[in-house]
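Q: Got a structure for you, protein-v4.cif, holding mmCIF, C-alpha atoms.
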data_upload
#
loop_
_atom_site.group_PDB
_atom_site.id
_atom_site.type_symbol
_atom_site.label_atom_id
_atom_site.label_comp_id
_atom_site.auth_asym_id
_atom_site.auth_seq_id
_atom_site.Cartn_x
_atom_site.Cartn_y
_atom_site.Cartn_z
ATOM 1 C CA VAL I 217 -17.081 -25.952 -17.859
ATOM 2 C CA SER I 218 -20.640 -26.210 -19.063
ATOM 3 C CA GLY I 219 -23.718 -25.099 -17.147
ATOM 4 C CA GLU I 220 -24.658 -28.741 -16.604
ATOM 5 C CA GLY I 221 -21.139 -29.430 -15.310
ATOM 6 C CA VAL I 222 -21.453 -26.635 -12.757
ATOM 7 C CA ARG I 223 -24.850 -27.951 -11.639
ATOM 8 C CA GLY I 224 -23.375 -31.433 -11.251
ATOM 9 C CA LEU I 225 -20.526 -30.138 -9.101
ATOM 10 C CA ALA I 226 -22.990 -28.296 -6.886
ATOM 11 C CA ARG I 227 -25.231 -31.363 -6.487
ATOM 12 C CA HIS I 228 -22.350 -33.632 -5.491
ATOM 13 C CA SER I 229 -20.627 -31.437 -2.938
ATOM 14 C CA ALA I 230 -18.171 -33.061 -0.555
ATOM 15 C CA PHE I 231 -19.010 -30.377 2.013
ATOM 16 C CA GLY I 232 -21.676 -30.530 4.701
ATOM 17 C CA ALA I 233 -24.695 -28.230 4.735
ATOM 18 C CA GLU I 234 -23.118 -26.216 7.570
ATOM 19 C CA SER I 235 -19.870 -25.638 5.657
ATOM 20 C CA ARG I 236 -18.715 -22.222 4.515
ATOM 21 C CA ARG I 237 -16.750 -22.147 1.293
ATOM 22 C CA ALA I 238 -14.915 -19.170 -0.141
ATOM 23 C CA ILE I 239 -13.828 -19.235 -3.764
ATOM 24 C CA VAL I 240 -11.178 -16.673 -4.695
ATOM 25 C CA VAL I 241 -10.801 -15.795 -8.373
ATOM 26 C CA SER I 242 -8.873 -13.253 -10.413
ATOM 27 C CA ASP I 243 -10.385 -13.763 -13.861
ATOM 28 C CA ASP I 244 -13.750 -12.441 -15.105
ATOM 29 C CA THR I 245 -14.672 -15.712 -16.821
ATOM 30 C CA ILE I 246 -13.886 -17.810 -13.772
ATOM 31 C CA PHE I 247 -15.781 -15.294 -11.646
ATOM 32 C CA GLY I 248 -18.883 -15.829 -13.804
ATOM 33 C CA VAL I 249 -18.668 -19.625 -13.651
ATOM 34 C CA SER I 250 -18.045 -19.450 -9.904
ATOM 35 C CA ARG I 251 -21.161 -17.292 -9.454
ATOM 36 C CA MET I 252 -23.135 -19.996 -11.294
ATOM 37 C CA TYR I 253 -21.743 -22.551 -8.847
ATOM 38 C CA GLU I 254 -22.586 -20.261 -5.912
ATOM 39 C CA ALA I 255 -26.210 -20.047 -7.032
ATOM 40 C CA GLN I 256 -26.525 -23.813 -7.576
ATOM 41 C CA ALA I 257 -24.791 -24.774 -4.323
ATOM 42 C CA ALA I 258 -26.790 -22.431 -2.075
ATOM 43 C CA SER I 259 -28.829 -25.288 -0.617
ATOM 44 C CA ALA I 260 -25.671 -27.268 0.249
ATOM 45 C CA GLY I 261 -24.112 -24.666 2.564
ATOM 46 C CA GLU I 262 -22.758 -21.173 2.283
ATOM 47 C CA VAL I 263 -20.640 -20.313 -0.743
ATOM 48 C CA GLN I 264 -19.316 -16.875 -1.557
ATOM 49 C CA ILE I 265 -17.098 -15.687 -4.385
ATOM 50 C CA PHE I 266 -14.263 -13.236 -3.761
ATOM 51 C CA ARG I 267 -11.588 -11.481 -5.776
ATOM 52 C CA ASP I 268 -9.492 -10.726 -2.690
ATOM 53 C CA ILE I 269 -7.981 -13.440 -0.483
ATOM 54 C CA ASP I 270 -8.020 -11.252 2.628
ATOM 55 C CA GLN I 271 -11.760 -10.618 2.258
ATOM 56 C CA ALA I 272 -12.342 -14.349 1.783
ATOM 57 C CA LEU I 273 -10.344 -15.218 4.901
ATOM 58 C CA ALA I 274 -12.204 -12.583 6.930
ATOM 59 C CA TRP I 275 -15.560 -13.997 5.764
ATOM 60 C CA LEU I 276 -14.402 -17.473 6.782
ATOM 61 C CA GLY I 277 -13.200 -16.167 10.141
ATOM 62 C CA VAL I 278 -9.597 -17.206 9.477
ATOM 63 C CA ASP I 279 -6.677 -15.148 10.766
ATOM 64 C CA PRO I 280 -4.083 -14.990 7.949
ATOM 65 C CA SER I 281 -1.255 -15.199 10.493
ATOM 66 C CA ASP I 282 -2.501 -18.687 11.440
ATOM 67 C CA LEU I 283 -1.848 -20.036 7.938
ATOM 68 C CA GLU I 284 1.309 -21.980 7.148
ATOM 69 C CA THR I 285 3.413 -20.563 4.302
ATOM 70 C CA ASP I 286 5.707 -23.499 3.469
#
Mind converting the file's structure to structure tokens?

A:
Amino acid sequence: VSGEGVRGLARHSAFGAESRRAIVVSDDTIFGVSRMYEAQAASAGEVQIFRDIDQALAWLGVDPSDLETD
């Protein structure tokens, strides 16, 4: 993904300005691209990058036991 591609994704968000979005990554390269997205999307709602799913769910206020595991 190019820098311009990341900026385009951030500009055309399907989420409302009050939305919280957590992006969970495990790869250094994807982490870097996701941080670019986080910076570009800041005006379109809250975005935070995580490496740990439990931390992401806590930030979102989601109880992991409420999630379906089908």

Q: For Ser281 (chain I), list every protein, DNA or RNA residue within 12 Å, evaluated using only C-alpha atoms, and leave out those in the same chain fewer than 5 positions away; present the list as a ChimeraX atom specification.

A: /I:270,273-274

Q: Please provide as an mmCIF file with C-alpha atoms, in the frame of the given file all residues within 10 Å of Arg237 (chain I), with the sequence filter that same-chain residues fewer than 2 positions apart are discarded (counting all atoms listed in the file).

A:
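Writing the result to part.cif gives the following:
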data_model
loop_
_atom_site.group_PDB
_atom_site.id
_atom_site.type_symbol
_atom_site.label_atom_id
_atom_site.label_comp_id
_atom_site.auth_asym_id
_atom_site.auth_seq_id
_atom_site.Cartn_x
_atom_site.Cartn_y
_atom_site.Cartn_z
ATOM 1 C CA PHE I 231 -19.010 -30.377 2.013
ATOM 2 C CA GLU I 234 -23.118 -26.216 7.570
ATOM 3 C CA SER I 235 -19.870 -25.638 5.657
ATOM 4 C CA ILE I 239 -13.828 -19.235 -3.764
ATOM 5 C CA VAL I 240 -11.178 -16.673 -4.695
ATOM 6 C CA GLU I 254 -22.586 -20.261 -5.912
ATOM 7 C CA GLY I 261 -24.112 -24.666 2.564
ATOM 8 C CA GLU I 262 -22.758 -21.173 2.283
ATOM 9 C CA VAL I 263 -20.640 -20.313 -0.743
ATOM 10 C CA GLN I 264 -19.316 -16.875 -1.557
ATOM 11 C CA ILE I 265 -17.098 -15.687 -4.385
ATOM 12 C CA ALA I 272 -12.342 -14.349 1.783
ATOM 13 C CA TRP I 275 -15.560 -13.997 5.764
ATOM 14 C CA LEU I 276 -14.402 -17.473 6.782
#

Q: Taking into account only C-alpha atoms, which residue in the set I:Gln271, I:Phe266, I:Ser218, I:Val278 is nearest to Arg251 (chain I)?

A: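 Checking each candidate against Arg251 (chain I), we get I:Phe266 as the closest.
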
Q: As an exercise, work out the distance from CA of Glu284 (chain I) to CA of Arg267 (chain I) in Å and give it to one decimal place.

A: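 If I compute the distance from CA of Glu284 (chain I) to CA of Arg267 (chain I), I get 21.1 Å.
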
Q: Quick check, in Å to one decimal: how far apart do CA of Leu283 (chain I) and CA of Ala257 (chain I) lie?

A: 26.4 Å

Q: Would you please work out which residue, of I:Asp282, I:Gly277, I:Tyr253, I:Ile269, is nearest to Arg236 (chain I) when using all atoms listed in the file?

A: I:Gly277

Q: Quick check, in Å to one decimal: how far apart do CA of Ala238 (chain I) and CA of Gln256 (chain I) lie?

A: 14.5 Å

Q: Could region 268-285 of chain I be completed with N, CA and C atoms and returned as a short mmCIF file (atom, residue, chain, number, x, y, z; two decimals), in the coordinates of the input?

A:
data_model
loop_
_atom_site.label_atom_id
_atom_site.label_comp_id
_atom_site.auth_asym_id
_atom_site.auth_seq_id
_atom_site.Cartn_x
_atom_site.Cartn_y
_atom_site.Cartn_z
N ASP I 268 -10.57 -11.09 -3.61
CA ASP I 268 -9.49 -10.73 -2.69
C ASP I 268 -9.37 -11.79 -1.60
N ILE I 269 -8.19 -12.35 -1.45
CA ILE I 269 -7.98 -13.44 -0.48
C ILE I 269 -8.22 -12.98 0.94
N ASP I 270 -7.83 -11.74 1.27
CA ASP I 270 -8.02 -11.25 2.63
C ASP I 270 -9.50 -11.13 2.98
N GLN I 271 -10.32 -10.69 2.03
CA GLN I 271 -11.76 -10.62 2.26
C GLN I 271 -12.35 -12.02 2.44
N ALA I 272 -11.87 -12.97 1.66
CA ALA I 272 -12.34 -14.35 1.78
C ALA I 272 -11.99 -14.92 3.15
N LEU I 273 -10.76 -14.71 3.59
CA LEU I 273 -10.34 -15.22 4.90
C LEU I 273 -11.15 -14.57 6.03
N ALA I 274 -11.40 -13.27 5.91
CA ALA I 274 -12.20 -12.58 6.93
C ALA I 274 -13.62 -13.16 6.98
N TRP I 275 -14.22 -13.43 5.82
CA TRP I 275 -15.56 -14.00 5.76
C TRP I 275 -15.59 -15.39 6.40
N LEU I 276 -14.51 -16.14 6.20
CA LEU I 276 -14.40 -17.47 6.78
C LEU I 276 -14.06 -17.44 8.27
N GLY I 277 -13.60 -16.29 8.75
CA GLY I 277 -13.20 -16.17 10.14
C GLY I 277 -11.82 -16.73 10.40
N VAL I 278 -10.95 -16.68 9.38
CA VAL I 278 -9.60 -17.21 9.48
C VAL I 278 -8.61 -16.05 9.61
N ASP I 279 -7.73 -16.15 10.60
CA ASP I 279 -6.68 -15.15 10.77
C ASP I 279 -5.52 -15.53 9.84
N PRO I 280 -5.15 -14.65 8.89
CA PRO I 280 -4.08 -14.99 7.95
C PRO I 280 -2.77 -15.38 8.62
N SER I 281 -2.51 -14.87 9.80
CA SER I 281 -1.25 -15.20 10.49
C SER I 281 -1.25 -16.65 11.00
N ASP I 282 -2.42 -17.29 11.02
CA ASP I 282 -2.50 -18.69 11.44
C ASP I 282 -2.19 -19.67 10.31
N LEU I 283 -2.09 -19.17 9.09
CA LEU I 283 -1.85 -20.04 7.94
C LEU I 283 -0.36 -20.35 7.79
N GLU I 284 -0.07 -21.59 7.42
CA GLU I 284 1.31 -21.98 7.15
C GLU I 284 1.70 -21.46 5.78
N THR I 285 2.96 -21.09 5.60
CA THR I 285 3.41 -20.56 4.30
C THR I 285 4.59 -21.35 3.77
#
